[in-house]
>>> print(open('input-v3.cif').read())   # mmCIF, C-alpha atoms
data_final
#
loop_
_atom_site.label_atom_id
_atom_site.label_comp_id
_atom_site.auth_asym_id
_atom_site.auth_seq_id
_atom_site.Cartn_x
_atom_site.Cartn_y
_atom_site.Cartn_z
CA MET A 1 0.00 0.00 0.00
CA ARG A 2 1.28 3.49 -0.86
CA TRP A 3 2.07 5.63 2.20
CA PRO A 4 -0.05 8.63 1.09
CA ALA A 5 -3.05 6.33 0.60
CA LEU A 6 -2.52 4.82 4.05
CA ALA A 7 -2.23 8.26 5.61
CA ARG A 8 -5.39 9.42 3.81
CA SER A 9 -7.39 6.39 4.95
CA THR A 10 -6.11 6.63 8.53
CA HIS A 11 -6.80 10.36 8.67
CA LYS A 12 -10.34 9.89 7.35
CA TRP A 13 -11.38 7.29 9.92
CA LEU A 14 -9.63 8.95 12.83
CA ALA A 15 -11.25 12.26 11.91
CA LEU A 16 -14.68 10.62 11.79
CA ILE A 17 -14.28 9.06 15.24
CA VAL A 18 -12.89 12.23 16.82
CA ALA A 19 -15.51 14.40 15.08
CA ILE A 20 -18.38 12.50 16.71
CA GLN A 21 -16.93 13.16 20.15
CA ALA A 22 -16.11 16.73 19.14
CA VAL A 23 -19.81 17.29 18.49
CA PHE A 24 -20.56 16.07 22.05
CA TRP A 25 -17.82 18.35 23.41
CA THR A 26 -19.24 21.32 21.53
CA LEU A 27 -22.91 20.79 22.42
CA SER A 28 -22.16 20.04 26.07
CA GLY A 29 -19.88 23.07 26.25
CA VAL A 30 -22.60 25.29 24.79
CA TYR A 31 -25.11 24.10 27.41
CA MET A 32 -22.66 24.55 30.30
CA THR A 33 -21.91 28.12 29.23
CA ALA A 34 -25.45 29.08 28.22
CA VAL A 35 -27.09 28.14 31.54
CA HIS A 36 -25.67 30.20 34.39
CA ILE A 37 -23.94 28.19 37.09
CA ASP A 38 -26.03 29.84 39.84
CA ILE A 39 -29.16 28.44 38.17
CA ILE A 40 -27.52 25.01 38.03
CA HIS A 41 -26.67 25.19 41.73
CA GLY A 42 -30.32 25.85 42.53
CA ASP A 43 -29.62 28.69 44.96
CA ARG A 44 -32.87 30.40 44.01
CA LEU A 45 -34.81 27.38 45.29
CA VAL A 46 -33.72 27.94 48.89
CA LYS A 47 -35.13 30.73 51.05
CA ALA A 48 -32.56 33.30 52.09
CA VAL A 49 -34.04 34.04 55.51
CA ALA A 50 -32.08 35.34 58.47
CA PRO A 51 -32.38 32.98 61.45
CA PRO A 52 -34.88 34.31 64.00
CA PRO A 53 -33.65 35.25 67.48
CA ILE A 54 -33.93 32.44 70.01
CA ALA A 55 -34.91 33.13 73.61
CA MET A 56 -32.40 31.34 75.81
CA ALA A 57 -34.70 31.10 78.81
CA GLY A 58 -35.97 27.61 79.43
CA LEU A 59 -33.55 25.88 77.07
CA VAL A 60 -31.63 22.77 77.99
CA GLU A 61 -28.10 23.62 79.08
CA PRO A 62 -25.55 22.61 76.43
CA ALA A 63 -23.57 20.77 79.11
CA HIS A 64 -26.59 18.51 79.70
CA LEU A 65 -26.37 17.32 76.09
CA ALA A 66 -23.34 15.23 77.05
CA HIS A 67 -25.73 13.00 79.02
CA LEU A 68 -28.22 12.86 76.17
CA ALA A 69 -25.63 12.18 73.43
CA PRO A 70 -22.65 10.14 74.74
CA GLY A 71 -19.38 11.11 73.11
CA LEU A 72 -20.64 14.62 72.35
CA LYS A 73 -18.37 16.47 69.91
CA SER A 74 -20.37 19.60 69.10
CA ALA A 75 -23.81 21.11 69.48
CA THR A 76 -25.35 23.89 67.40
CA LEU A 77 -28.48 25.79 68.42
CA ASP A 78 -30.88 26.22 65.51
CA THR A 79 -34.55 26.75 64.70
CA GLN A 80 -36.36 23.98 62.85
CA LEU A 81 -40.01 23.09 62.44
CA GLY A 82 -40.91 26.26 64.36
CA GLN A 83 -38.97 25.44 67.51
CA PRO A 84 -35.43 25.70 68.89
CA VAL A 85 -33.35 22.57 68.44
CA TYR A 86 -29.82 21.36 69.02
CA VAL A 87 -28.02 19.82 66.05
CA VAL A 88 -25.59 17.45 67.73
CA GLN A 89 -22.50 15.64 66.49
CA ALA A 90 -21.57 12.69 68.72
CA GLU A 91 -19.76 9.38 68.57
CA GLY A 92 -23.01 7.66 67.70
CA GLY A 93 -23.55 9.99 64.76
CA PRO A 94 -25.48 13.22 64.21
CA ALA A 95 -28.78 13.77 65.99
CA LEU A 96 -31.46 16.38 66.60
CA PHE A 97 -32.76 17.31 70.07
CA ASP A 98 -35.58 19.54 71.23
CA ALA A 99 -33.77 22.46 72.86
CA ARG A 100 -36.58 22.98 75.39
CA THR A 101 -37.22 19.44 76.58
CA GLY A 102 -34.04 17.63 75.59
CA GLN A 103 -36.13 15.02 73.79
CA LYS A 104 -34.47 13.40 70.80
CA MET A 105 -36.32 14.30 67.59
CA SER A 106 -34.37 12.30 65.05
CA PRO A 107 -34.70 10.43 62.85
CA LEU A 108 -37.35 12.62 61.25
CA ASN A 109 -40.42 10.90 59.84
CA ALA A 110 -41.84 11.58 56.38
CA GLU A 111 -44.19 14.32 57.58
CA GLN A 112 -41.42 16.13 59.46
CA ALA A 113 -39.00 15.86 56.54
CA ALA A 114 -41.62 17.24 54.14
CA ALA A 115 -42.40 20.11 56.53
CA ARG A 116 -38.73 20.91 56.93
CA ALA A 117 -38.21 20.91 53.14
CA LYS A 118 -41.29 23.06 52.62
CA ALA A 119 -40.02 25.59 55.17
CA LEU A 120 -36.77 25.91 53.18
CA PHE A 121 -38.38 25.97 49.72
CA ALA A 122 -38.44 29.43 48.14
CA GLU A 123 -41.22 28.75 45.62
CA ASP A 124 -44.94 28.02 45.95
CA GLY A 125 -45.07 24.43 44.72
CA ALA A 126 -46.57 21.77 46.95
CA VAL A 127 -44.78 18.59 47.97
CA VAL A 128 -45.35 15.91 45.34
CA SER A 129 -43.59 12.99 47.01
CA THR A 130 -41.44 12.12 50.01
CA GLN A 131 -39.13 9.12 49.77
CA TYR A 132 -36.75 7.59 52.30
CA VAL A 133 -33.63 6.75 50.32
CA THR A 134 -31.20 4.15 51.62
CA LYS A 135 -29.03 3.92 48.48
CA ALA A 136 -27.75 7.22 47.16
CA PRO A 137 -28.92 7.91 43.59
CA LEU A 138 -26.35 9.09 41.05
CA GLU A 139 -27.32 12.74 41.49
CA ILE A 140 -26.18 12.73 45.16
CA GLN A 141 -23.76 9.83 45.01
CA THR A 142 -21.26 11.39 47.44
CA ARG A 143 -23.86 12.29 50.09
CA PRO A 144 -24.46 10.12 53.18
CA VAL A 145 -27.50 7.87 53.34
CA PRO A 146 -30.16 7.25 54.51
CA ILE A 147 -31.73 10.52 53.47
CA TRP A 148 -35.16 11.96 52.72
CA ARG A 149 -35.88 12.89 49.11
CA VAL A 150 -38.63 15.53 48.90
CA GLU A 151 -39.86 16.49 45.44
CA PHE A 152 -41.97 19.59 44.75
CA GLU A 153 -44.32 20.45 41.94
CA GLY A 154 -43.18 23.12 39.53
CA ALA A 155 -40.83 23.62 36.61
CA TRP A 156 -37.79 21.36 36.40
CA LYS A 157 -38.93 19.07 39.26
CA PRO A 158 -37.16 20.77 42.18
CA THR A 159 -36.02 18.23 44.77
CA PHE A 160 -34.61 18.69 48.27
CA TYR A 161 -32.57 16.10 50.15
CA ILE A 162 -33.06 16.38 53.91
CA SER A 163 -30.95 14.64 56.55
CA PRO A 164 -33.20 12.51 58.78
CA PHE A 165 -30.72 12.95 61.63
CA THR A 166 -30.15 16.71 61.64
CA GLY A 167 -32.98 18.12 59.52
CA GLU A 168 -30.41 19.96 57.42
CA LEU A 169 -30.72 20.53 53.69
CA VAL A 170 -28.00 18.26 52.32
CA SER A 171 -28.52 19.00 48.64
CA ARG A 172 -30.99 20.34 46.08
CA ARG A 173 -31.52 19.12 42.55
CA HIS A 174 -33.68 19.98 39.54
CA ASP A 175 -33.89 18.99 35.89
CA LEU A 176 -31.55 21.72 34.67
CA TRP A 177 -28.93 20.38 37.09
CA ARG A 178 -29.61 16.82 35.94
CA THR A 179 -29.16 17.89 32.31
CA PHE A 180 -25.92 19.63 33.27
CA ASP A 181 -24.73 16.45 34.98
CA PHE A 182 -25.53 14.43 31.84
CA VAL A 183 -23.72 16.77 29.45
CA TRP A 184 -20.81 16.98 31.91
CA MET A 185 -20.58 13.19 31.62
CA LEU A 186 -20.41 13.53 27.82
CA HIS A 187 -17.87 16.33 28.09
CA ILE A 188 -15.37 14.52 30.34
CA MET A 189 -16.24 11.06 28.95
CA ASP A 190 -16.61 9.52 32.41
CA TYR A 191 -19.65 7.30 31.99
CA ASP A 192 -19.30 5.71 35.42
CA ASP A 193 -19.45 8.20 38.29
CA ARG A 194 -18.96 11.39 36.22
CA GLN A 195 -16.11 12.73 38.34
CA ASP A 196 -12.83 11.64 36.77
CA VAL A 197 -11.66 14.35 34.34
CA ASN A 198 -8.48 12.40 33.56
CA ASN A 199 -9.94 9.00 32.77
CA LEU A 200 -8.54 6.52 30.26
CA LEU A 201 -11.18 7.18 27.60
CA ILE A 202 -10.59 10.91 27.37
CA ARG A 203 -6.83 10.33 27.22
CA VAL A 204 -7.32 7.88 24.35
CA PHE A 205 -9.43 10.40 22.43
CA THR A 206 -6.85 13.10 23.10
CA TRP A 207 -4.17 11.00 21.45
CA LEU A 208 -6.55 10.10 18.63
CA ALA A 209 -6.98 13.82 17.99
CA VAL A 210 -3.20 14.22 17.97
CA ALA A 211 -2.91 11.33 15.52
CA THR A 212 -5.60 12.90 13.32
CA ALA A 213 -3.67 16.16 13.23
CA GLY A 214 -0.46 14.27 12.50
CA THR A 215 -1.88 12.36 9.54
CA GLY A 216 -3.50 15.57 8.31
CA GLY A 217 -0.12 17.29 8.39
CA TRP A 218 1.40 14.38 6.48
CA LEU A 219 -1.27 14.68 3.78
CA LEU A 220 -0.72 18.43 3.60
CA LEU A 221 3.02 17.91 3.13
CA TYR A 222 2.34 15.30 0.42
CA SER A 223 -0.02 17.64 -1.42
CA PHE A 224 2.72 20.30 -1.68
CA ARG A 225 5.17 17.73 -2.98
CA ARG A 226 2.61 16.55 -5.53
CA LYS A 227 2.05 20.11 -6.78
CA ARG A 228 5.78 20.61 -7.26
CA ARG A 229 5.98 17.37 -9.27
CA VAL A 230 3.07 18.47 -11.49
CA ARG A 231 4.73 21.83 -12.14
CA LYS A 232 8.01 20.16 -13.10
CA ALA A 233 6.20 17.79 -15.47
CA VAL A 234 4.40 20.69 -17.16
CA ALA A 235 7.65 22.64 -17.49
#
>>> encode(input="input-v3.cif", output="structure tokens")
Amino acid sequence: MRWPALARSTHKWLALIVAIQAVFWTLSGVYMTAVHIDIIHGDRLVKAVAPPPIAMAGLVEPAHLAHLAPGLKSATLDTQLGQPVYVVQAEGGPALFDARTGQKMSPLNAEQAAARAKALFAEDGAVVSTQYVTKAPLEIQTRPVPIWRVEFEGAWKPTFYISPFTGELVSRRHDLWRTFDFVWMLHIMDYDDRQDVNNLLIRVFTWLAVATAGTGGWLLLYSFRRKRRVRKAVA
């Protein structure tokens, strides 16, 4: 086989393979730049409300929490579900206590989780479903489980993930974020957990692109040589 013909054939097929992925890179890049990152993060879905003042009279002394939560590491006073609470970190894990009575409130049930999510939700949509998740879905794969998944009605299916142990908003998701996550997967070519930006597949395609450019340069060099030969033959 003649070397120019081999270079032409190799360049053609490499270019076709790389071009398909280049289309995915381009379209995914357009989406990720067209939709503002603040919208993707879903900040507008969460109420920006200053915490109300908490009257300290009648609250359980923080020192008493050591008896309620053995191995106490920290305790944070907060307001949840319309009442003062302590968010506690202890050896047995995080927990939620009524700051007035010292009664343990966690784990939250479905009604409490939905109420907590609704109190944090900045829009008017009602709760569509509340699900206790024991295996983290792909969209919150790095978050601890179990966790409450609370979905609201409205555009883009806004969803809050509430910790059953602390009542805290762990994460928020919506369809624009899910689309971003999908195109991010296409962009970095990590079809497993969508986190590795230096995976084997993207490195292979990088070298394929280099090989495509190399064979293209070879063909370009050959075309100049061919033109010179034609000119000499005419002369």
>>> atom_distance(input="input-v3.cif", atom1="CA of Gln195 (chain A)", atom2="CA of Phe180 (chain A)")
13.0 Å
>>> atom_distance(input="input-v3.cif", atom1="CA of Gly58 (chain A)", atom2="CA of Asp98 (chain A)")
11.5 Å
>>> closest_residue(input="input-v3.cif", among="A:Ala110, A:Val30, A:Val150, A:Val133", to="Arg172 (chain A)", atoms="all atoms listed in the file")
A:Val150
>>> atom_distance(input="input-v3.cif", atom1="CA of Glu151 (chain A)", atom2="CA of Arg44 (chain A)")
15.6 Å
>>> resolve_selection(input="input-v3.cif", expression="the PyMOL selection byres ((chain A and resi 107) around 6)", output="list in words")
Ser106, Leu108, Pro164 and Phe165 of chain A
>>> resolve_selection(input="input-v3.cif", expression="the PyMOL selection byres ((chain A and resi 149) around 9)", output="PyMOL selection string")
chain A and resi 113-114+129-133+147-148+150-151+159-162
>>> closest_residue(input="input-v3.cif", among="A:Leu138, A:Leu6, A:Ala213, A:Ala48", to="Asp181 (chain A)", atoms="only C-alpha atoms")
A:Leu138
>>> closest_residue(input="input-v3.cif", among="A:Ala122, A:Val210, A:Met32, A:Ala7", to="Met185 (chain A)", atoms="all atoms listed in the file")
A:Met32
>>> residues_near_point(input="input-v3.cif", point="(-24.1, 21.9, 71.4)", cutoff="7 Å", atoms="all atoms listed in the file", output="list in words")
Pro62, Leu65, Ser74, Ala75, Thr76, Leu77, Tyr86, Val87 and Val88 of chain A
>>> resolve_selection(input="input-v3.cif", expression="the PyMOL selection byres ((chain A and resi 184) around 12)", output="ChimeraX atom specification")
/A:24-33,177-183,185-197
>>> closest_residue(input="input-v3.cif", among="A:Ala5, A:Val60, A:Glu139, A:His11", to="Thr212 (chain A)", atoms="only C-alpha atoms")
A:His11
>>> closest_residue(input="input-v3.cif", among="A:Leu201, A:Glu168, A:Ala34, A:Ala209", to="Gln80 (chain A)", atoms="all atoms listed in the file")
A:Glu168
>>> closest_residue(input="input-v3.cif", among="A:His36, A:His64, A:Arg173, A:Lys118", to="Trp156 (chain A)", atoms="only C-alpha atoms")
A:Arg173
>>> residues_around(input="input-v3.cif", residues="Gly82 (chain A)", least_positions_apart="2", cutoff="10 Å", atoms="only C-alpha atoms", output="PyMOL selection string")
chain A and resi 79-80+84-85+116+119
